[in-house]
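Note: the block below is work01.txt and it holds compact mmCIF, C-alpha atoms (C1' of nucleotides).
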```txt
# COMPACT_ATOMS: atom_id res chain seq x y z
CA MET A 1 -9.77 -19.15 -31.34
CA LYS A 2 -11.97 -17.28 -28.93
CA VAL A 3 -12.19 -18.37 -25.32
CA LYS A 4 -14.91 -20.88 -24.61
CA TYR A 5 -16.58 -21.35 -21.26
CA GLU A 6 -17.70 -24.80 -20.24
CA LEU A 7 -20.05 -24.94 -17.29
CA VAL A 8 -19.39 -28.14 -15.36
CA ASP A 9 -21.17 -27.86 -12.06
CA GLU A 10 -23.21 -25.46 -9.99
CA CYS A 11 -24.03 -24.87 -6.37
CA ASP A 12 -26.87 -22.38 -6.18
CA LYS A 13 -25.50 -19.40 -8.15
CA ALA A 14 -21.86 -20.44 -7.78
CA ARG A 15 -20.32 -22.06 -10.85
CA TYR A 16 -17.52 -24.47 -11.46
CA GLY A 17 -16.32 -24.43 -15.05
CA ILE A 18 -13.46 -24.59 -17.49
CA LEU A 19 -12.30 -21.75 -19.69
CA HIS A 20 -10.65 -22.92 -22.89
CA THR A 21 -8.09 -20.53 -24.35
CA ASN A 22 -5.36 -20.55 -26.99
CA HIS A 23 -2.80 -20.84 -24.25
CA GLY A 24 -4.35 -23.62 -22.26
CA ASP A 25 -7.50 -24.35 -20.31
CA PHE A 26 -8.08 -23.49 -16.72
CA GLU A 27 -10.71 -24.13 -14.13
CA THR A 28 -12.92 -21.41 -12.72
CA PRO A 29 -13.46 -19.73 -10.34
CA MET A 30 -9.93 -18.47 -10.77
CA PHE A 31 -7.84 -15.62 -9.45
CA MET A 32 -5.59 -13.74 -11.86
CA PRO A 33 -2.40 -12.17 -10.50
CA VAL A 34 -1.68 -8.73 -11.92
CA GLY A 35 1.39 -8.12 -14.05
CA THR A 36 0.87 -4.52 -15.07
CA GLN A 37 4.13 -3.99 -16.88
CA ALA A 38 4.39 -7.43 -18.44
CA THR A 39 5.62 -8.92 -15.18
CA VAL A 40 3.96 -9.96 -11.98
CA LYS A 41 6.16 -7.85 -9.75
CA THR A 42 9.14 -9.83 -8.41
CA LEU A 43 7.96 -13.19 -9.83
CA SER A 44 9.04 -15.33 -12.75
CA PRO A 45 6.60 -17.20 -15.00
CA GLU A 46 7.98 -20.48 -13.62
CA GLU A 47 7.12 -19.41 -10.08
CA LEU A 48 3.60 -18.47 -11.18
CA LYS A 49 3.17 -21.92 -12.64
CA ASP A 50 4.45 -23.53 -9.47
CA MET A 51 1.73 -21.81 -7.51
CA LYS A 52 -0.88 -23.01 -10.03
CA SER A 53 -1.57 -19.55 -11.31
CA ALA A 54 -3.41 -20.13 -14.58
CA ILE A 55 -3.96 -16.72 -16.13
CA ILE A 56 -2.47 -13.31 -15.52
CA LEU A 57 -3.54 -9.76 -16.23
CA SER A 58 -1.40 -7.15 -17.91
CA ASN A 59 -2.04 -3.58 -18.86
CA THR A 60 -2.70 -1.76 -22.10
CA TYR A 61 -1.98 1.70 -20.77
CA HIS A 62 1.42 0.89 -19.29
CA LEU A 63 2.62 -1.15 -22.27
CA TRP A 64 1.34 1.49 -24.66
CA LEU A 65 3.60 4.08 -22.99
CA ARG A 66 6.52 1.74 -22.46
CA PRO A 67 7.88 -0.08 -24.36
CA GLY A 68 5.07 0.58 -26.85
CA GLU A 69 2.73 -1.95 -28.44
CA ASP A 70 4.82 -2.10 -31.62
CA ILE A 71 7.86 -3.32 -29.72
CA VAL A 72 5.77 -6.02 -28.05
CA ASN A 73 4.30 -6.90 -31.42
CA LYS A 74 7.74 -7.17 -33.00
CA ALA A 75 8.82 -9.43 -30.14
CA GLY A 76 6.08 -11.79 -31.28
CA GLY A 77 3.35 -10.65 -28.89
CA LEU A 78 3.09 -10.38 -25.16
CA HIS A 79 3.51 -14.10 -24.47
CA LYS A 80 6.83 -14.32 -26.24
CA PHE A 81 7.97 -10.92 -25.06
CA MET A 82 7.59 -11.89 -21.40
CA ASN A 83 8.23 -15.63 -21.78
CA TYR A 84 4.82 -16.55 -20.42
CA ASP A 85 2.92 -19.21 -22.34
CA GLY A 86 -0.25 -19.24 -20.24
CA PRO A 87 -3.36 -17.18 -20.93
CA ILE A 88 -3.07 -13.40 -20.57
CA LEU A 89 -5.85 -10.86 -20.18
CA THR A 90 -5.14 -7.20 -20.84
CA ASP A 91 -6.99 -4.42 -19.12
CA SER A 92 -8.07 -1.63 -21.42
CA GLY A 93 -6.62 1.41 -19.73
CA GLY A 94 -10.03 2.59 -18.61
CA PHE A 95 -9.08 2.13 -14.98
CA GLN A 96 -5.84 4.10 -15.41
CA VAL A 97 -7.77 7.08 -16.67
CA PHE A 98 -9.52 6.96 -13.35
CA SER A 99 -6.64 6.03 -11.05
CA LEU A 100 -3.70 7.87 -12.55
CA ALA A 101 -5.63 11.03 -13.19
CA LYS A 102 -7.31 10.91 -9.81
CA ASN A 103 -7.50 14.46 -8.46
CA LYS A 104 -5.90 15.66 -11.66
CA LYS A 105 -7.16 17.32 -14.75
CA LYS A 106 -8.67 14.97 -17.25
CA ASP A 107 -11.22 15.45 -19.94
CA ILE A 108 -13.69 12.73 -20.65
CA VAL A 109 -15.40 13.52 -23.89
CA GLU A 110 -17.41 11.45 -26.33
CA GLU A 111 -14.37 10.75 -28.48
CA GLY A 112 -12.20 9.49 -25.63
CA VAL A 113 -10.16 10.67 -22.67
CA LEU A 114 -7.50 13.36 -22.60
CA PHE A 115 -5.06 13.00 -19.72
CA LYS A 116 -1.40 13.21 -18.86
CA SER A 117 1.26 10.53 -18.92
CA HIS A 118 2.47 9.49 -15.47
CA LEU A 119 5.96 9.15 -16.96
CA ASP A 120 6.61 12.57 -18.43
CA GLY A 121 3.40 14.56 -18.21
CA LYS A 122 2.89 14.40 -21.95
CA LYS A 123 -0.71 14.88 -23.07
CA LEU A 124 -2.33 11.61 -24.10
CA PHE A 125 -5.59 10.88 -25.79
CA LEU A 126 -6.95 7.40 -25.36
CA THR A 127 -9.97 6.25 -27.27
CA PRO A 128 -11.92 2.99 -27.34
CA GLU A 129 -10.56 2.27 -30.81
CA LEU A 130 -6.97 2.94 -29.80
CA SER A 131 -7.26 0.77 -26.70
CA ILE A 132 -8.51 -2.15 -28.75
CA GLN A 133 -5.93 -1.63 -31.47
CA ILE A 134 -3.14 -1.64 -28.89
CA GLN A 135 -4.52 -4.82 -27.34
CA ASN A 136 -4.77 -6.42 -30.77
CA LYS A 137 -1.07 -5.81 -31.21
CA LEU A 138 -0.18 -6.97 -27.73
CA ASP A 139 -1.93 -10.18 -28.76
CA SER A 140 -3.30 -11.08 -25.34
CA ASP A 141 -5.83 -13.89 -25.12
CA ILE A 142 -8.52 -11.64 -23.72
CA ALA A 143 -8.90 -7.93 -24.37
CA MET A 144 -11.12 -5.68 -22.33
CA SER A 145 -13.44 -2.99 -23.61
CA PHE A 146 -12.44 0.58 -22.90
CA ASP A 147 -14.86 1.77 -20.26
CA GLU A 148 -15.26 4.70 -17.97
CA CYS A 149 -14.64 3.77 -14.38
CA PRO A 150 -16.48 6.37 -12.32
CA PRO A 151 -15.57 6.99 -8.69
CA ALA A 152 -17.67 5.70 -5.84
CA SER A 153 -18.85 9.22 -5.20
CA ALA A 154 -20.41 9.56 -8.67
CA SER A 155 -24.03 10.64 -8.61
CA TYR A 156 -26.86 8.63 -10.13
CA GLU A 157 -27.19 11.19 -12.92
CA TYR A 158 -23.49 11.05 -13.69
CA LEU A 159 -23.51 7.26 -13.74
CA LYS A 160 -26.51 7.22 -16.03
CA ASN A 161 -24.69 9.28 -18.64
CA SER A 162 -21.48 7.42 -18.02
CA ILE A 163 -22.90 3.95 -18.71
CA GLU A 164 -24.49 5.21 -21.92
CA ARG A 165 -21.12 6.50 -23.05
CA THR A 166 -19.40 3.29 -21.96
CA LEU A 167 -21.90 1.35 -24.08
CA ARG A 168 -21.09 3.51 -27.11
CA TRP A 169 -17.40 3.01 -26.42
CA ALA A 170 -17.90 -0.74 -26.16
CA LYS A 171 -19.58 -0.77 -29.58
CA ARG A 172 -16.82 1.34 -31.13
CA GLY A 173 -14.14 -0.88 -29.68
CA LYS A 174 -15.85 -4.03 -30.82
CA ASP A 175 -16.21 -2.65 -34.34
CA VAL A 176 -12.45 -2.21 -34.73
CA HIS A 177 -11.45 -5.38 -32.93
CA SER A 178 -9.65 -7.44 -35.55
CA ASN A 179 -7.46 -10.02 -33.81
CA LYS A 180 -9.16 -13.34 -34.54
CA ASN A 181 -7.20 -15.14 -31.85
CA GLN A 182 -8.18 -12.65 -29.19
CA SER A 183 -11.42 -12.59 -27.22
CA LEU A 184 -13.10 -9.38 -26.15
CA PHE A 185 -14.97 -8.86 -22.90
CA GLY A 186 -17.59 -6.20 -22.28
CA ILE A 187 -17.82 -4.30 -19.01
CA ILE A 188 -20.95 -3.64 -17.02
CA GLN A 189 -21.06 -0.45 -14.97
CA GLY A 190 -23.78 1.36 -13.04
CA GLY A 191 -22.55 1.73 -9.48
CA PRO A 192 -24.80 0.23 -6.80
CA HIS A 193 -28.02 1.05 -8.68
CA GLU A 194 -30.23 -1.85 -9.71
CA ASP A 195 -31.77 -0.22 -12.75
CA LEU A 196 -28.45 1.06 -14.08
CA ARG A 197 -26.70 -2.28 -13.66
CA LYS A 198 -29.60 -4.06 -15.28
CA TYR A 199 -29.63 -1.68 -18.22
CA SER A 200 -25.85 -1.74 -18.60
CA ALA A 201 -25.81 -5.55 -18.44
CA ILE A 202 -28.63 -6.07 -20.94
CA GLU A 203 -27.25 -3.58 -23.43
CA THR A 204 -23.70 -4.90 -23.11
CA VAL A 205 -24.86 -8.49 -23.58
CA LYS A 206 -26.75 -7.46 -26.71
CA MET A 207 -23.39 -6.71 -28.29
CA ASP A 208 -22.42 -10.35 -27.81
CA PHE A 209 -19.01 -10.27 -26.18
CA ASP A 210 -16.90 -13.34 -25.41
CA GLY A 211 -17.21 -12.67 -21.71
CA TYR A 212 -18.56 -10.07 -19.32
CA SER A 213 -17.08 -8.21 -16.46
CA ILE A 214 -18.49 -6.20 -13.66
CA GLY A 215 -16.51 -3.04 -13.14
CA GLY A 216 -16.49 -0.06 -10.86
CA VAL A 217 -16.65 -2.06 -7.66
CA ALA A 218 -13.11 -1.70 -6.35
CA ASN A 219 -12.06 1.84 -7.07
CA ASP A 220 -11.97 3.85 -3.90
CA GLY A 221 -14.42 3.79 -1.12
CA GLU A 222 -17.10 1.53 -2.49
CA SER A 223 -18.60 -0.34 0.41
CA LYS A 224 -18.67 -4.11 0.35
CA ASP A 225 -22.42 -3.86 0.33
CA ASP A 226 -22.34 -1.78 -2.86
CA MET A 227 -19.97 -4.30 -4.41
CA TYR A 228 -22.31 -7.19 -3.67
CA LYS A 229 -25.26 -5.19 -4.98
CA ALA A 230 -23.38 -4.43 -8.19
CA ILE A 231 -22.83 -8.16 -8.67
CA ASP A 232 -26.34 -9.22 -7.75
CA TYR A 233 -27.90 -6.62 -10.03
CA SER A 234 -25.71 -7.57 -13.01
CA ILE A 235 -25.37 -11.35 -12.92
CA PRO A 236 -28.96 -12.31 -13.84
CA TYR A 237 -28.56 -10.73 -17.29
CA ILE A 238 -25.26 -12.39 -18.22
CA PRO A 239 -25.70 -15.57 -20.29
CA LYS A 240 -24.67 -18.71 -18.46
CA ASP A 241 -22.37 -19.88 -21.20
CA LYS A 242 -20.08 -16.87 -20.89
CA PRO A 243 -17.38 -16.21 -18.29
CA ARG A 244 -18.01 -13.52 -15.68
CA TYR A 245 -15.17 -11.46 -14.37
CA LEU A 246 -15.28 -9.19 -11.34
CA MET A 247 -12.68 -6.54 -11.95
CA GLY A 248 -10.14 -5.54 -9.36
CA VAL A 249 -11.28 -7.74 -6.55
CA GLY A 250 -8.92 -9.80 -4.49
CA ASP A 251 -9.83 -9.56 -0.84
CA PRO A 252 -10.40 -13.18 0.23
CA VAL A 253 -13.82 -12.37 1.66
CA ASP A 254 -14.86 -10.60 -1.52
CA ILE A 255 -13.68 -13.49 -3.66
CA ILE A 256 -15.85 -15.88 -1.68
CA GLU A 257 -18.82 -13.54 -1.83
CA GLY A 258 -18.23 -13.07 -5.55
CA VAL A 259 -18.06 -16.79 -6.27
CA ILE A 260 -21.24 -17.37 -4.29
CA ARG A 261 -22.92 -14.75 -6.46
CA GLY A 262 -21.78 -16.38 -9.69
CA ILE A 263 -18.40 -14.83 -10.54
CA ASP A 264 -15.79 -16.90 -12.39
CA MET A 265 -12.73 -14.67 -12.59
CA PHE A 266 -11.03 -12.14 -10.35
CA ASP A 267 -7.92 -10.03 -10.56
CA CYS A 268 -6.26 -7.86 -7.99
CA VAL A 269 -2.99 -6.17 -7.12
CA LEU A 270 -3.64 -6.86 -3.46
CA PRO A 271 -1.53 -10.02 -2.97
CA THR A 272 1.56 -8.45 -4.56
CA ARG A 273 1.07 -4.98 -3.13
CA LEU A 274 0.44 -6.32 0.35
CA ALA A 275 3.57 -8.42 -0.05
CA ARG A 276 5.71 -5.42 -0.86
CA HIS A 277 4.32 -3.71 2.23
CA GLY A 278 5.00 -6.67 4.47
CA ASN A 279 1.55 -8.20 4.77
CA ALA A 280 0.53 -11.82 4.39
CA PHE A 281 -2.84 -13.51 4.09
CA THR A 282 -3.53 -16.24 6.60
CA HIS A 283 -6.64 -18.23 7.41
CA ASN A 284 -6.85 -16.25 10.62
CA GLY A 285 -6.74 -12.91 8.86
CA LYS A 286 -4.12 -10.70 7.34
CA ILE A 287 -0.89 -10.32 9.30
CA ASN A 288 1.80 -7.66 9.20
CA ILE A 289 5.12 -9.51 9.17
CA LYS A 290 6.85 -6.36 10.44
CA ASN A 291 5.12 -6.66 13.81
CA ALA A 292 7.61 -7.03 16.65
CA LYS A 293 5.96 -10.27 17.77
CA TYR A 294 7.42 -12.07 14.74
CA LYS A 295 11.01 -11.11 15.53
CA GLU A 296 11.74 -14.52 17.00
CA ASP A 297 8.99 -16.50 15.34
CA PHE A 298 10.80 -19.31 13.57
CA THR A 299 7.65 -20.89 12.15
CA PRO A 300 6.27 -20.49 8.62
CA ILE A 301 3.50 -17.99 7.88
CA GLU A 302 1.13 -20.97 7.83
CA SER A 303 2.30 -24.49 8.51
CA THR A 304 -0.63 -25.85 6.50
CA CYS A 305 0.28 -23.82 3.41
CA ASP A 306 1.85 -25.66 0.47
CA CYS A 307 3.63 -22.68 -1.06
CA TYR A 308 7.39 -22.46 -1.58
CA THR A 309 7.69 -19.72 1.02
CA CYS A 310 5.93 -21.63 3.77
CA LYS A 311 7.84 -24.80 2.97
CA HIS A 312 11.23 -23.17 3.38
CA TYR A 313 11.15 -19.89 5.29
CA THR A 314 10.24 -18.57 8.72
CA LYS A 315 8.38 -15.44 9.74
CA ALA A 316 11.47 -14.18 11.55
CA TYR A 317 13.53 -14.43 8.37
CA ILE A 318 10.89 -12.83 6.13
CA ARG A 319 10.45 -10.07 8.72
CA HIS A 320 14.16 -9.44 8.60
CA LEU A 321 14.09 -9.22 4.80
CA ILE A 322 11.12 -6.85 4.75
CA THR A 323 12.47 -4.56 7.46
CA SER A 324 15.80 -4.54 5.63
CA ASP A 325 14.08 -3.59 2.36
CA GLU A 326 15.35 -6.69 0.64
CA THR A 327 13.34 -7.55 -2.46
CA PHE A 328 13.55 -11.25 -1.70
CA GLY A 329 11.16 -10.58 1.17
CA ALA A 330 8.60 -9.08 -1.21
CA ARG A 331 9.11 -12.09 -3.47
CA LEU A 332 8.53 -14.61 -0.72
CA LEU A 333 5.39 -12.83 0.47
CA SER A 334 4.11 -12.43 -3.11
CA ILE A 335 4.49 -16.16 -3.61
CA HIS A 336 2.59 -16.89 -0.43
CA ASN A 337 -0.18 -14.33 -1.00
CA ILE A 338 -0.86 -15.35 -4.59
CA ARG A 339 -0.80 -19.01 -3.68
CA PHE A 340 -3.22 -18.22 -0.85
CA LEU A 341 -5.77 -16.75 -3.26
CA ILE A 342 -5.25 -19.44 -5.91
CA LYS A 343 -5.72 -22.09 -3.27
CA LEU A 344 -8.81 -20.31 -2.05
CA THR A 345 -10.31 -20.63 -5.53
CA GLU A 346 -9.28 -24.29 -5.65
CA GLU A 347 -11.14 -24.90 -2.42
CA LEU A 348 -14.15 -22.97 -3.66
CA ARG A 349 -14.26 -25.17 -6.76
CA VAL A 350 -14.28 -28.25 -4.58
CA ALA A 351 -16.98 -26.71 -2.41
CA ILE A 352 -19.11 -26.05 -5.50
CA LYS A 353 -18.68 -29.61 -6.72
CA GLU A 354 -19.47 -30.96 -3.27
CA LYS A 355 -22.42 -28.55 -2.90
CA ASN A 356 -21.26 -27.12 0.37
CA ILE A 357 -20.19 -23.63 -0.57
CA TYR A 358 -22.17 -21.95 2.20
CA GLU A 359 -20.60 -24.18 4.82
CA TYR A 360 -17.23 -23.40 3.35
CA ARG A 361 -17.91 -19.69 3.54
CA GLU A 362 -19.09 -19.87 7.14
CA LYS A 363 -16.02 -21.81 8.23
CA PHE A 364 -13.64 -19.58 6.33
CA LEU A 365 -15.14 -16.35 7.59
CA GLN A 366 -15.20 -17.54 11.19
CA ASN A 367 -11.48 -18.15 11.05
CA TYR A 368 -10.58 -15.19 8.85
CA LEU A 369 -12.64 -12.52 10.53
CA GLY A 370 -12.46 -13.86 14.08
CA ASP A 371 -14.23 -11.44 16.39
CA LYS A 372 -15.47 -9.41 13.45
CA TYR A 373 -17.38 -12.36 12.03
CA ASP A 374 -20.96 -11.37 11.56
CA LYS A 375 -23.36 -14.22 11.58
CA ASN A 376 -25.87 -12.05 9.77
CA ILE A 377 -23.91 -12.02 6.52
CA LYS A 378 -26.25 -13.40 3.93
CA GLY A 379 -25.73 -14.75 0.46
C1' G B 1 47.75 21.46 35.72
C1' C B 2 45.88 25.93 32.71
C1' G B 3 42.58 27.92 28.91
C1' G B 4 38.46 27.21 25.58
C1' A B 5 34.14 24.66 23.41
C1' U B 6 29.98 21.43 23.76
C1' A B 7 26.17 18.75 26.68
C1' U B 8 18.38 18.34 24.00
C1' G B 9 14.49 11.26 22.76
C1' G B 10 17.04 5.02 20.28
C1' U B 11 20.07 8.21 16.49
C1' G B 12 21.20 13.02 13.79
C1' A B 13 19.71 17.36 15.40
C1' A B 14 16.32 22.62 15.62
C1' G B 15 15.01 25.98 19.22
C1' G B 16 19.55 31.69 22.21
C1' G B 17 13.89 33.63 28.37
C1' G B 18 6.95 33.29 27.16
C1' U B 19 1.29 28.87 25.82
C1' U B 20 1.17 21.39 24.70
C1' A B 21 10.29 21.03 22.58
C1' A B 22 10.56 21.62 15.08
C1' C B 23 12.20 18.26 11.55
C1' A B 24 14.50 13.69 9.82
C1' C B 25 15.79 8.66 10.60
C1' G B 26 14.70 4.60 13.74
C1' G B 27 10.90 2.10 16.81
C1' C B 28 5.76 0.67 17.44
C1' G B 29 0.97 0.17 15.01
C1' G B 30 -2.50 0.80 10.91
C1' A B 31 -4.00 1.32 5.69
C1' U B 32 -3.76 -0.91 0.81
C1' U B 33 -9.23 -4.29 -4.05
C1' G B 34 -9.13 -3.63 -13.24
C1' U B 35 -0.63 -1.26 -9.45
C1' G B 36 1.80 6.47 -10.81
C1' G B 37 3.15 2.50 -4.33
C1' U B 38 10.80 0.89 -1.43
C1' U B 39 3.79 4.30 -0.87
C1' C B 40 0.37 6.57 2.56
C1' C B 41 -1.54 7.51 7.66
C1' G B 42 -1.13 7.44 13.00
C1' U B 43 2.05 7.17 17.25
C1' U B 44 6.73 7.70 19.63
C1' A B 45 11.19 13.22 24.97
C1' U B 46 5.49 14.91 31.17
C1' G B 47 11.12 16.56 29.39
C1' C B 48 16.40 19.38 27.32
C1' U B 49 23.80 15.91 31.67
C1' A B 50 23.27 16.64 37.44
C1' G B 51 22.55 20.12 41.45
C1' G B 52 21.68 25.11 42.86
C1' G B 53 20.37 30.25 41.59
C1' U B 54 18.08 34.73 38.79
C1' U B 55 12.98 35.60 36.94
C1' C B 56 5.91 36.24 37.02
C1' G B 57 8.10 32.57 33.64
C1' A B 58 14.39 28.84 32.08
C1' A B 59 16.04 23.70 27.28
C1' U B 60 17.20 28.91 26.74
C1' C B 61 20.63 33.65 31.62
C1' C B 62 24.21 32.82 36.11
C1' C B 63 27.11 29.42 39.52
C1' U B 64 29.02 24.54 40.78
C1' A B 65 29.83 19.53 39.52
C1' U B 66 30.37 15.74 35.87
C1' A B 67 31.38 13.96 30.88
C1' U B 68 33.34 14.62 26.02
C1' C B 69 36.32 17.32 22.54
C1' C B 70 40.21 21.04 21.19
C1' G B 71 44.49 23.90 22.39
C1' C B 72 48.85 25.04 25.81
C1' C B 73 52.39 23.50 29.64
```
Can you present the structure in this file as structure tokens?
Amino acid sequence: MKVKYELVDECDKARYGILHTNHGDFETPMFMPVGTQATVKTLSPEELKDMKSAIILSNTYHLWLRPGEDIVNKAGGLHKFMNYDGPILTDSGGFQVFSLAKNKKKDIVEEGVLFKSHLDGKKLFLTPELSIQIQNKLDSDIAMSFDECPPASASYEYLKNSIERTLRWAKRGKDVHSNKNQSLFGIIQGGPHEDLRKYSAIETVKMDFDGYSIGGVANDGESKDDMYKAIDYSIPYIPKDKPRYLMGVGDPVDIIEGVIRGIDMFDCVLPTRLARHGNAFTHNGKINIKNAKYKEDFTPIESTCDCYTCKHYTKAYIRHLITSDETFGARLLSIHNIRFLIKLTEELRVAIKEKNIYEYREKFLQNYLGDKYDKNIKG
RNA sequence: GCGGAUAUGGUGAAGGGGUUAACACGGCGGAUUGUGGUUCCGUUAUGCUAGGGUUCGAAUCCCUAUAUCCGCC
């Protein structure tokens, strides 16, 4: 069965809906924690469930190299392999071509991309067909098209050629996609340019994917303004009965801005990466638990938070774990940070249903940004 | 008691007369958006045990004191 999006309620452009999948239904907007190597770093599937995480993202490129898609397939697919029975989305590897080969030699040609393995330097050639075939074998619920993810610095001319190629790649991938239980999402590119996003969106939608994502907004150095433009210029051309996924976004402010603009799904490494580096989201902004001021702070990160970490542990203790390089510290912060974003989407859903999303945003941003809050931010 | 060695930041230390005292760890702060991340970036000794001297110039040379260490009575 392919995923099916059910639109339940709207508040201006923001949508509240349900996505039906083979591994359960979940409400949108939703945040997807990232489990690149078939694990959300430091967390067990049970813990993810406890924090109401409904769908996770894993990665084609990494699983292709290790352990290999055939091993995962023999294990009975990704769900069985990693003991996770909720929905899983796999990224196509398109982003890795960009991020792993950043500043390194890579050849993007019509056929695919030639680049080097981050494990042993071996030459690799990834094509749209191969990406889809790997994802078919991984047996994720949602596969992503293999796209080119150009850097923020890409010129208009470059982007124009790039989105044409990405469209051809999308078609090639779709043509070989054979897993009937797996959905396939198309990816809209085009940088911050209205005409390119419009063109990319219209042409991608023509191919009739099961869902659509907006890519190229969280690579390196894109401004928030460009991100919001990319969304605004793409959304009008995506059919309302299909899920919309903003790739790579997980800053709380961006999630709110994305939801207000009509996004249903987000994924980001931020909550887990920040955790490993000692940072925690709070309603008053991001904090660095390593700061000396928390040395004797025997209160939870947020007393109002319902996560396992905040119910049982103090900032002083977590600070001790992080400064001592104990992985339990990264675990506790990962639990809190992911729960923070999941809860944020829960609250956004309520705000959509209660038709007060703009009030919610204003209140959230005032607390979160504090002095930096700009009353001129517009939706 | 005699002889010798060594004294540089929170720590380990480089520098053996010439502009703002290397580097590492630690400390303090920051970054992080489809995870090559126990990562990356800033900052951290107005001073080289103390006092005196030589010199245009001393952490660097000389003297004295003090401390520590190693030998020998």
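The shell of residues at most 12 Å from C23 of chain B, with all atoms listed in the file counted and near chain neighbours (fewer than 6 positions) removed, consists of G12, A13, A14 and G15 of chain B.
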Would you mind exporting C-alpha atoms (C1' of nucleotides) of the selected residues as a PDB file, keeping the file's coordinate frame?
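Output saved as out.pdb:
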```
ATOM      1  C1'   G B  12      21.200  13.020  13.790  1.00  0.00           C
ATOM      2  C1'   A B  13      19.710  17.360  15.400  1.00  0.00           C
ATOM      3  C1'   A B  14      16.320  22.620  15.620  1.00  0.00           C
ATOM      4  C1'   G B  15      15.010  25.980  19.220  1.00  0.00           C
TER       5        G B  15
END
```
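When only C-alpha atoms (C1' of nucleotides) are used to measure the gap to chain A, the shortest distance among B:A21, B:C2, B:C41, B:C28 belongs to B:C28.
Residues of chain B lying within 10 Å of chain A, counting all atoms listed in the file, are G27, C28, G29, G30, U32, U33, G34, U35, G36, G37, U38 and U39 of chain B.
Those residues that approach U11 of chain B to within 12 Å, counting all atoms listed in the file, are A24, C25, G26 and G27 of chain B; same-chain residues fewer than 5 positions away are not listed.
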May I have the residues within 9 Å of segment 165-178 of chain A as number ranges by chain, using all atoms listed in the file and disregarding those fewer than 2 positions away in the same chain?
A: 110-112, 127-133, 135-136, 145-149, 160-163, 180-182, 184, 186-189, 200, 203-204, 207, 209
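Coordinates place atom CA of Lys52 of chain A at a distance of 28.0 Å from atom CA of Lys224 of chain A.
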Atom completion result for segment 344-356 of chain A (N, CA and C atoms) as a PDB file, in the frame of the given file:
```pdb
ATOM      1  N   LEU A 344      -7.442 -20.628  -2.454  1.00  0.00           N
ATOM      2  CA  LEU A 344      -8.810 -20.310  -2.050  1.00  0.00           C
ATOM      3  C   LEU A 344      -9.782 -20.652  -3.179  1.00  0.00           C
ATOM      4  N   THR A 345      -9.405 -20.306  -4.420  1.00  0.00           N
ATOM      5  CA  THR A 345     -10.310 -20.630  -5.530  1.00  0.00           C
ATOM      6  C   THR A 345     -10.367 -22.144  -5.775  1.00  0.00           C
ATOM      7  N   GLU A 346      -9.256 -22.820  -5.522  1.00  0.00           N
ATOM      8  CA  GLU A 346      -9.280 -24.290  -5.650  1.00  0.00           C
ATOM      9  C   GLU A 346     -10.293 -24.881  -4.685  1.00  0.00           C
ATOM     10  N   GLU A 347     -10.241 -24.380  -3.448  1.00  0.00           N
ATOM     11  CA  GLU A 347     -11.140 -24.900  -2.420  1.00  0.00           C
ATOM     12  C   GLU A 347     -12.597 -24.553  -2.727  1.00  0.00           C
ATOM     13  N   LEU A 348     -12.792 -23.368  -3.294  1.00  0.00           N
ATOM     14  CA  LEU A 348     -14.150 -22.970  -3.660  1.00  0.00           C
ATOM     15  C   LEU A 348     -14.698 -23.874  -4.765  1.00  0.00           C
ATOM     16  N   ARG A 349     -13.821 -24.262  -5.698  1.00  0.00           N
ATOM     17  CA  ARG A 349     -14.260 -25.170  -6.760  1.00  0.00           C
ATOM     18  C   ARG A 349     -14.708 -26.512  -6.176  1.00  0.00           C
ATOM     19  N   VAL A 350     -13.912 -26.989  -5.234  1.00  0.00           N
ATOM     20  CA  VAL A 350     -14.280 -28.250  -4.580  1.00  0.00           C
ATOM     21  C   VAL A 350     -15.608 -28.092  -3.864  1.00  0.00           C
ATOM     22  N   ALA A 351     -15.750 -26.949  -3.175  1.00  0.00           N
ATOM     23  CA  ALA A 351     -16.980 -26.710  -2.410  1.00  0.00           C
ATOM     24  C   ALA A 351     -18.196 -26.664  -3.345  1.00  0.00           C
ATOM     25  N   ILE A 352     -18.008 -26.104  -4.547  1.00  0.00           N
ATOM     26  CA  ILE A 352     -19.110 -26.050  -5.500  1.00  0.00           C
ATOM     27  C   ILE A 352     -19.474 -27.472  -5.940  1.00  0.00           C
ATOM     28  N   LYS A 353     -18.439 -28.235  -6.267  1.00  0.00           N
ATOM     29  CA  LYS A 353     -18.680 -29.610  -6.720  1.00  0.00           C
ATOM     30  C   LYS A 353     -19.330 -30.448  -5.625  1.00  0.00           C
ATOM     31  N   GLU A 354     -18.928 -30.170  -4.395  1.00  0.00           N
ATOM     32  CA  GLU A 354     -19.470 -30.960  -3.270  1.00  0.00           C
ATOM     33  C   GLU A 354     -20.716 -30.316  -2.685  1.00  0.00           C
ATOM     34  N   LYS A 355     -21.174 -29.235  -3.301  1.00  0.00           N
ATOM     35  CA  LYS A 355     -22.420 -28.550  -2.900  1.00  0.00           C
ATOM     36  C   LYS A 355     -22.419 -28.079  -1.446  1.00  0.00           C
ATOM     37  N   ASN A 356     -21.279 -27.631  -1.005  1.00  0.00           N
ATOM     38  CA  ASN A 356     -21.260 -27.120   0.370  1.00  0.00           C
ATOM     39  C   ASN A 356     -20.575 -25.757   0.464  1.00  0.00           C
TER      40      ASN A 356
END
```
